[in-house]
Amino acid sequence: MVLFLDAAHFVWGAFLGYLWSKVRVFVRSPTGRQRHNVLGALDAVSRQIHIFTNDSYITAVSVCSLLSQVSTFYGRGLPITIFLDNARYQHCELAKTQSQLLGIELEFLPTYSPNLNLIERYWRWVKKECLNSRYHPTFSAMKEAINQCLANSHETKKEQLSSLLSWKFQLFSKVLVIN
């Protein structure tokens, strides 16, 4: 199994899509600064997402919880590889030790290369689907919209996700590596 892991931080605020107007338009916007954190592991084949959510901070303990959830879901018989970036809470000894105990191989992507992490595309799509040009009157309404989208998007939005989450990555044919 191949998964891509990363966190998204959805802030309860204004997410404008496109707005062109010849006259002044007032757009309703929440005034809160609350944040809904989602740590996700995206299955590269089925496009199903495994999530850990909270409203405070994503930490190494959060990563360990998600790793345990992924291990339970796929069982111990299948080899699991998770690609992730170099966030401090993902790269710490606690997360590495937990992954070894669960038999999960962690592969860290090069620094500053979000284009190699499929879940980055997924998070952009979720923001577009749930937040752009939408008003959520309460923080809980925003959380519900995001969680609803995450819960069944791999089934209800198969066609959209198959073109968005393709395995086509930008490659560079002429690369000079300096040691």
# chains A, B, ... in the order shown; residues from 1 in each chain; ligands from 1
>>> residues_around(residues="A:Ser71", least_positions_apart="5", cutoff="10 Å", atoms="only C-alpha atoms", output="number ranges by chain")
A: 65-66, 76-80, 99, 102-104
>>> write_last_selection(atoms="N, CA and C atoms", output="short mmCIF file (atom, residue, chain, number, x, y, z; two decimals), in the first residue's frame")
data_model
loop_
_atom_site.label_atom_id
_atom_site.label_comp_id
_atom_site.auth_asym_id
_atom_site.auth_seq_id
_atom_site.Cartn_x
_atom_site.Cartn_y
_atom_site.Cartn_z
N SER A 65 -1.04 8.34 16.20
CA SER A 65 -2.43 7.89 16.18
C SER A 65 -2.88 7.54 14.76
N LEU A 66 -2.50 8.39 13.81
CA LEU A 66 -2.88 8.12 12.42
C LEU A 66 -2.16 6.89 11.88
N ARG A 76 -1.65 -6.18 9.19
CA ARG A 76 -0.20 -6.31 9.26
C ARG A 76 0.38 -7.13 8.11
N GLY A 77 -0.46 -7.73 7.29
CA GLY A 77 0.02 -8.59 6.22
C GLY A 77 0.57 -7.83 5.03
N LEU A 78 0.05 -6.65 4.77
CA LEU A 78 0.47 -5.88 3.60
C LEU A 78 1.61 -4.92 3.94
N PRO A 79 2.59 -4.82 3.05
CA PRO A 79 3.61 -3.79 3.28
C PRO A 79 3.01 -2.40 3.01
N ILE A 80 3.27 -1.48 3.91
CA ILE A 80 2.72 -0.12 3.81
C ILE A 80 3.88 0.87 3.73
N SER A 99 6.31 3.91 13.66
CA SER A 99 6.19 3.32 12.32
C SER A 99 6.95 2.00 12.24
N LEU A 102 4.95 -0.71 13.93
CA LEU A 102 3.78 -1.11 13.14
C LEU A 102 4.16 -1.72 11.79
N GLY A 103 5.43 -1.70 11.45
CA GLY A 103 5.86 -2.25 10.16
C GLY A 103 5.55 -1.34 8.99
N ILE A 104 5.51 -0.04 9.23
CA ILE A 104 5.22 0.93 8.18
C ILE A 104 6.52 1.62 7.79
#
>>> residues_around(residues="A:Glu105", least_positions_apart="6", cutoff="12 Å", atoms="only C-alpha atoms", output="list in words")
Met1, Val2, Leu3, Phe4, Leu67, Ser71, Leu78, Pro79, Ile80, Thr81, Ile82, Phe83, Leu84, Ala95, Lys96, Thr97, Gln98 and Ser99 of chain A
>>> write_last_selection(atoms="C-alpha atoms", output="PDB file, in the first residue's frame")
ATOM      1  CA  MET A   1       0.000   0.000   0.000  1.00  0.00           C
ATOM      2  CA  VAL A   2       1.241   3.481  -0.873  1.00  0.00           C
ATOM      3  CA  LEU A   3      -0.061   6.479   1.053  1.00  0.00           C
ATOM      4  CA  PHE A   4       0.766  10.178   1.141  1.00  0.00           C
ATOM      5  CA  LEU A  67      -0.159   5.522  11.811  1.00  0.00           C
ATOM      6  CA  SER A  71      -2.025  -0.115  10.316  1.00  0.00           C
ATOM      7  CA  LEU A  78       0.468  -5.878   3.605  1.00  0.00           C
ATOM      8  CA  PRO A  79       3.612  -3.791   3.278  1.00  0.00           C
ATOM      9  CA  ILE A  80       2.722  -0.121   3.815  1.00  0.00           C
ATOM     10  CA  THR A  81       4.815   2.798   2.585  1.00  0.00           C
ATOM     11  CA  ILE A  82       3.918   6.348   3.508  1.00  0.00           C
ATOM     12  CA  PHE A  83       5.414   9.353   1.742  1.00  0.00           C
ATOM     13  CA  LEU A  84       5.527  12.516   3.814  1.00  0.00           C
ATOM     14  CA  ALA A  95       6.884   8.879  14.845  1.00  0.00           C
ATOM     15  CA  LYS A  96       9.786   6.869  13.417  1.00  0.00           C
ATOM     16  CA  THR A  97       9.714   4.406  16.333  1.00  0.00           C
ATOM     17  CA  GLN A  98       5.927   3.973  16.064  1.00  0.00           C
ATOM     18  CA  SER A  99       6.186   3.318  12.322  1.00  0.00           C
TER      19      SER A  99
END
>>> select_by_dssp(residues="stretch 17-179 of chain A", states="alpha helix (DSSP H)", output="JSON, numbers by chain")
{"A": [60, 61, 62, 63, 64, 65, 66, 67, 68, 69, 70, 71, 72, 73, 74, 88, 89, 90, 91, 93, 94, 95, 96, 97, 98, 99, 100, 101, 102, 118, 119, 120, 121, 122, 123, 124, 125, 126, 127, 128, 129, 130, 139, 140, 141, 142, 143, 144, 145, 146, 147, 148, 149, 150, 151, 152, 153, 154, 155, 156, 158, 159, 160, 161, 162, 163, 164]}
>>> closest_residue(among="A:Asn37, A:Ser68, A:Ser140, A:Thr59", to="A:Val11", atoms="only C-alpha atoms")
A:Asn37
>>> select_by_dssp(residues="chain A", states="strand (DSSP E or B)", output="number ranges by chain")
A: 2-11, 35-43, 49-54, 80-84, 104-108
>>> write_last_selection(atoms="N, CA and C atoms", output="tab-separated table (two decimals), in the first residue's frame")
chain	number	residue	atom	x	y	z
A	2	VAL	N	0.51	2.22	-0.80
A	2	VAL	CA	1.24	3.48	-0.87
A	2	VAL	C	0.30	4.61	-0.45
A	3	LEU	N	0.73	5.36	0.54
A	3	LEU	CA	-0.06	6.48	1.05
A	3	LEU	C	0.79	7.74	1.09
A	4	PHE	N	0.12	8.87	1.04
A	4	PHE	CA	0.77	10.18	1.14
A	4	PHE	C	0.18	10.88	2.35
A	5	LEU	N	1.04	11.36	3.25
A	5	LEU	CA	0.59	11.92	4.51
A	5	LEU	C	0.96	13.40	4.62
A	6	ASP	N	0.04	14.20	5.10
A	6	ASP	CA	0.30	15.61	5.37
A	6	ASP	C	-0.87	16.18	6.16
A	7	ALA	N	-0.66	17.36	6.71
A	7	ALA	CA	-1.71	18.03	7.48
A	7	ALA	C	-2.24	19.23	6.72
A	8	ALA	N	-3.49	19.54	6.95
A	8	ALA	CA	-4.11	20.76	6.43
A	8	ALA	C	-4.74	21.49	7.61
A	9	HIS	N	-4.66	22.80	7.57
A	9	HIS	CA	-5.18	23.62	8.65
A	9	HIS	C	-6.23	24.55	8.05
A	10	PHE	N	-7.49	24.24	8.30
A	10	PHE	CA	-8.61	25.00	7.75
A	10	PHE	C	-9.02	26.07	8.76
A	11	VAL	N	-8.86	27.33	8.41
A	11	VAL	CA	-9.18	28.43	9.30
A	11	VAL	C	-10.60	28.92	9.00
A	35	ARG	N	-9.39	27.14	14.15
A	35	ARG	CA	-8.72	26.34	13.14
A	35	ARG	C	-9.08	24.88	13.31
A	36	HIS	N	-9.43	24.25	12.21
A	36	HIS	CA	-9.74	22.82	12.17
A	36	HIS	C	-8.56	22.13	11.50
A	37	ASN	N	-7.79	21.39	12.30
A	37	ASN	CA	-6.61	20.70	11.79
A	37	ASN	C	-6.96	19.28	11.37
A	38	VAL	N	-6.51	18.92	10.19
A	38	VAL	CA	-6.76	17.57	9.68
A	38	VAL	C	-5.43	16.98	9.24
A	39	LEU	N	-5.05	15.90	9.89
A	39	LEU	CA	-3.87	15.14	9.47
A	39	LEU	C	-4.41	13.98	8.66
A	40	GLY	N	-3.98	13.85	7.42
A	40	GLY	CA	-4.54	12.83	6.55
A	40	GLY	C	-3.50	11.97	5.88
A	41	ALA	N	-3.89	10.74	5.60
A	41	ALA	CA	-3.08	9.81	4.83
A	41	ALA	C	-3.93	9.36	3.65
A	42	LEU	N	-3.52	9.73	2.46
A	42	LEU	CA	-4.29	9.46	1.24
A	42	LEU	C	-3.76	8.21	0.56
A	43	ASP	N	-4.65	7.24	0.34
A	43	ASP	CA	-4.31	6.02	-0.39
A	43	ASP	C	-4.17	6.40	-1.86
A	49	ILE	N	-9.17	8.45	2.11
A	49	ILE	CA	-8.33	9.20	3.05
A	49	ILE	C	-8.61	8.74	4.47
A	50	HIS	N	-7.55	8.61	5.24
A	50	HIS	CA	-7.63	8.27	6.66
A	50	HIS	C	-7.26	9.55	7.39
A	51	ILE	N	-8.07	9.96	8.36
A	51	ILE	CA	-7.84	11.27	8.97
A	51	ILE	C	-7.77	11.21	10.49
A	52	PHE	N	-7.06	12.17	11.03
A	52	PHE	CA	-7.04	12.48	12.46
A	52	PHE	C	-7.30	13.97	12.55
A	53	THR	N	-8.30	14.39	13.32
A	53	THR	CA	-8.65	15.80	13.39
A	53	THR	C	-8.59	16.31	14.83
A	54	ASN	N	-8.32	17.61	14.94
A	54	ASN	CA	-8.43	18.30	16.22
A	54	ASN	C	-8.52	19.79	15.98
A	80	ILE	N	3.27	-1.48	3.91
A	80	ILE	CA	2.72	-0.12	3.81
A	80	ILE	C	3.88	0.87	3.73
A	81	THR	N	3.83	1.72	2.73
A	81	THR	CA	4.82	2.80	2.58
A	81	THR	C	4.07	4.12	2.59
A	82	ILE	N	4.54	5.03	3.41
A	82	ILE	CA	3.92	6.35	3.51
A	82	ILE	C	4.95	7.41	3.13
A	83	PHE	N	4.58	8.23	2.15
A	83	PHE	CA	5.41	9.35	1.74
A	83	PHE	C	4.95	10.60	2.49
A	84	LEU	N	5.88	11.32	3.06
A	84	LEU	CA	5.53	12.52	3.81
A	84	LEU	C	6.62	13.56	3.72
A	104	ILE	N	5.51	-0.04	9.23
A	104	ILE	CA	5.22	0.93	8.18
A	104	ILE	C	6.52	1.62	7.79
A	105	GLU	N	6.79	1.64	6.50
A	105	GLU	CA	7.99	2.30	5.99
A	105	GLU	C	7.67	3.77	5.71
A	106	LEU	N	8.47	4.67	6.27
A	106	LEU	CA	8.31	6.10	6.03
A	106	LEU	C	9.34	6.56	5.02
A	107	GLU	N	8.88	7.24	3.99
A	107	GLU	CA	9.76	7.81	2.96
A	107	GLU	C	9.57	9.32	2.99
A	108	PHE	N	10.63	10.04	3.29
A	108	PHE	CA	10.55	11.49	3.38
A	108	PHE	C	10.88	12.12	2.04
>>> atom_distance(atom1="atom CA of A:Gly13", atom2="atom CA of A:Pro30")
5.1 Å
>>> closest_residue(among="A:His154, A:Arg88, A:Lys128, A:Lys22", to="A:Val45", atoms="only C-alpha atoms")
A:His154
>>> closest_residue(among="A:Val70, A:Phe26, A:Tyr89, A:Trp12", to="A:Ala145", atoms="only C-alpha atoms")
A:Trp12
>>> closest_residue(among="A:Gln100, A:Ser29, A:Ser113, A:Ser21", to="A:Arg134", atoms="only C-alpha atoms")
A:Ser29
>>> residues_around(residues="stretch 159-162 of chain A", least_positions_apart="5", cutoff="9 Å", atoms="only C-alpha atoms", output="mmCIF file with N, CA and C atoms, in the first residue's frame")
data_model
loop_
_atom_site.group_PDB
_atom_site.id
_atom_site.type_symbol
_atom_site.label_atom_id
_atom_site.label_comp_id
_atom_site.auth_asym_id
_atom_site.auth_seq_id
_atom_site.Cartn_x
_atom_site.Cartn_y
_atom_site.Cartn_z
ATOM 1 N N ARG A 47 -7.774 6.235 -3.409
ATOM 2 C CA ARG A 47 -8.046 7.648 -3.112
ATOM 3 C C ARG A 47 -8.874 7.826 -1.843
ATOM 4 N N TYR A 122 -4.980 17.094 -3.058
ATOM 5 C CA TYR A 122 -6.246 16.754 -2.418
ATOM 6 C C TYR A 122 -6.701 17.875 -1.487
ATOM 7 N N TRP A 125 -8.099 20.718 -3.413
ATOM 8 C CA TRP A 125 -9.429 20.379 -3.912
ATOM 9 C C TRP A 125 -10.475 20.500 -2.798
ATOM 10 N N SER A 153 -15.734 11.389 -0.306
ATOM 11 C CA SER A 153 -15.304 11.907 -1.609
ATOM 12 C C SER A 153 -14.716 10.828 -2.506
ATOM 13 N N HIS A 154 -14.058 9.819 -1.920
ATOM 14 C CA HIS A 154 -13.458 8.766 -2.749
ATOM 15 C C HIS A 154 -14.519 7.929 -3.466
#
>>> atom_distance(atom1="atom CA of A:Leu131", atom2="atom CA of A:Ile146")
8.3 Å
>>> atom_distance(atom1="atom CA of A:Ala87", atom2="atom CA of A:Lys143")
23.8 Å
>>> decode(residues="stretch 85-101 of chain A", atoms="N, CA and C atoms", output="mmCIF file, in the first residue's frame")
data_model
loop_
_atom_site.group_PDB
_atom_site.id
_atom_site.type_symbol
_atom_site.label_atom_id
_atom_site.label_comp_id
_atom_site.auth_asym_id
_atom_site.auth_seq_id
_atom_site.Cartn_x
_atom_site.Cartn_y
_atom_site.Cartn_z
ATOM 1 N N ASP A 85 6.261 14.787 4.081
ATOM 2 C CA ASP A 85 7.242 15.863 4.014
ATOM 3 C C ASP A 85 8.082 15.868 5.295
ATOM 4 N N ASN A 86 8.881 16.877 5.456
ATOM 5 C CA ASN A 86 9.822 16.918 6.568
ATOM 6 C C ASN A 86 9.355 17.792 7.723
ATOM 7 N N ALA A 87 8.053 17.826 7.964
ATOM 8 C CA ALA A 87 7.557 18.574 9.117
ATOM 9 C C ALA A 87 8.165 17.974 10.383
ATOM 10 N N ARG A 88 8.455 18.831 11.325
ATOM 11 C CA ARG A 88 9.161 18.409 12.533
ATOM 12 C C ARG A 88 8.425 17.294 13.268
ATOM 13 N N TYR A 89 7.100 17.396 13.348
ATOM 14 C CA TYR A 89 6.329 16.385 14.083
ATOM 15 C C TYR A 89 6.237 15.067 13.327
ATOM 16 N N GLN A 90 6.559 15.044 12.038
ATOM 17 C CA GLN A 90 6.561 13.801 11.275
ATOM 18 C C GLN A 90 7.934 13.155 11.261
ATOM 19 N N HIS A 91 8.948 13.954 11.465
ATOM 20 C CA HIS A 91 10.333 13.507 11.334
ATOM 21 C C HIS A 91 10.956 13.145 12.683
ATOM 22 N N CYS A 92 10.194 13.234 13.756
ATOM 23 C CA CYS A 92 10.753 13.009 15.086
ATOM 24 C C CYS A 92 10.906 11.516 15.388
ATOM 25 N N GLU A 93 11.653 11.220 16.436
ATOM 26 C CA GLU A 93 11.930 9.836 16.816
ATOM 27 C C GLU A 93 10.671 9.078 17.221
ATOM 28 N N LEU A 94 9.734 9.761 17.874
ATOM 29 C CA LEU A 94 8.497 9.100 18.305
ATOM 30 C C LEU A 94 7.738 8.537 17.103
ATOM 31 N N ALA A 95 7.595 9.330 16.048
ATOM 32 C CA ALA A 95 6.884 8.879 14.845
ATOM 33 C C ALA A 95 7.656 7.761 14.144
ATOM 34 N N LYS A 96 8.967 7.903 14.074
ATOM 35 C CA LYS A 96 9.786 6.869 13.417
ATOM 36 C C LYS A 96 9.725 5.552 14.183
ATOM 37 N N THR A 97 9.785 5.615 15.505
ATOM 38 C CA THR A 97 9.714 4.406 16.333
ATOM 39 C C THR A 97 8.352 3.731 16.186
ATOM 40 N N GLN A 98 7.285 4.525 16.220
ATOM 41 C CA GLN A 98 5.927 3.973 16.064
ATOM 42 C C GLN A 98 5.774 3.294 14.707
ATOM 43 N N SER A 99 6.309 3.914 13.661
ATOM 44 C CA SER A 99 6.186 3.318 12.322
ATOM 45 C C SER A 99 6.950 1.995 12.242
ATOM 46 N N GLN A 100 8.103 1.919 12.881
ATOM 47 C CA GLN A 100 8.864 0.662 12.888
ATOM 48 C C GLN A 100 8.113 -0.427 13.639
ATOM 49 N N LEU A 101 7.507 -0.072 14.773
ATOM 50 C CA LEU A 101 6.730 -1.044 15.551
ATOM 51 C C LEU A 101 5.541 -1.578 14.759
#
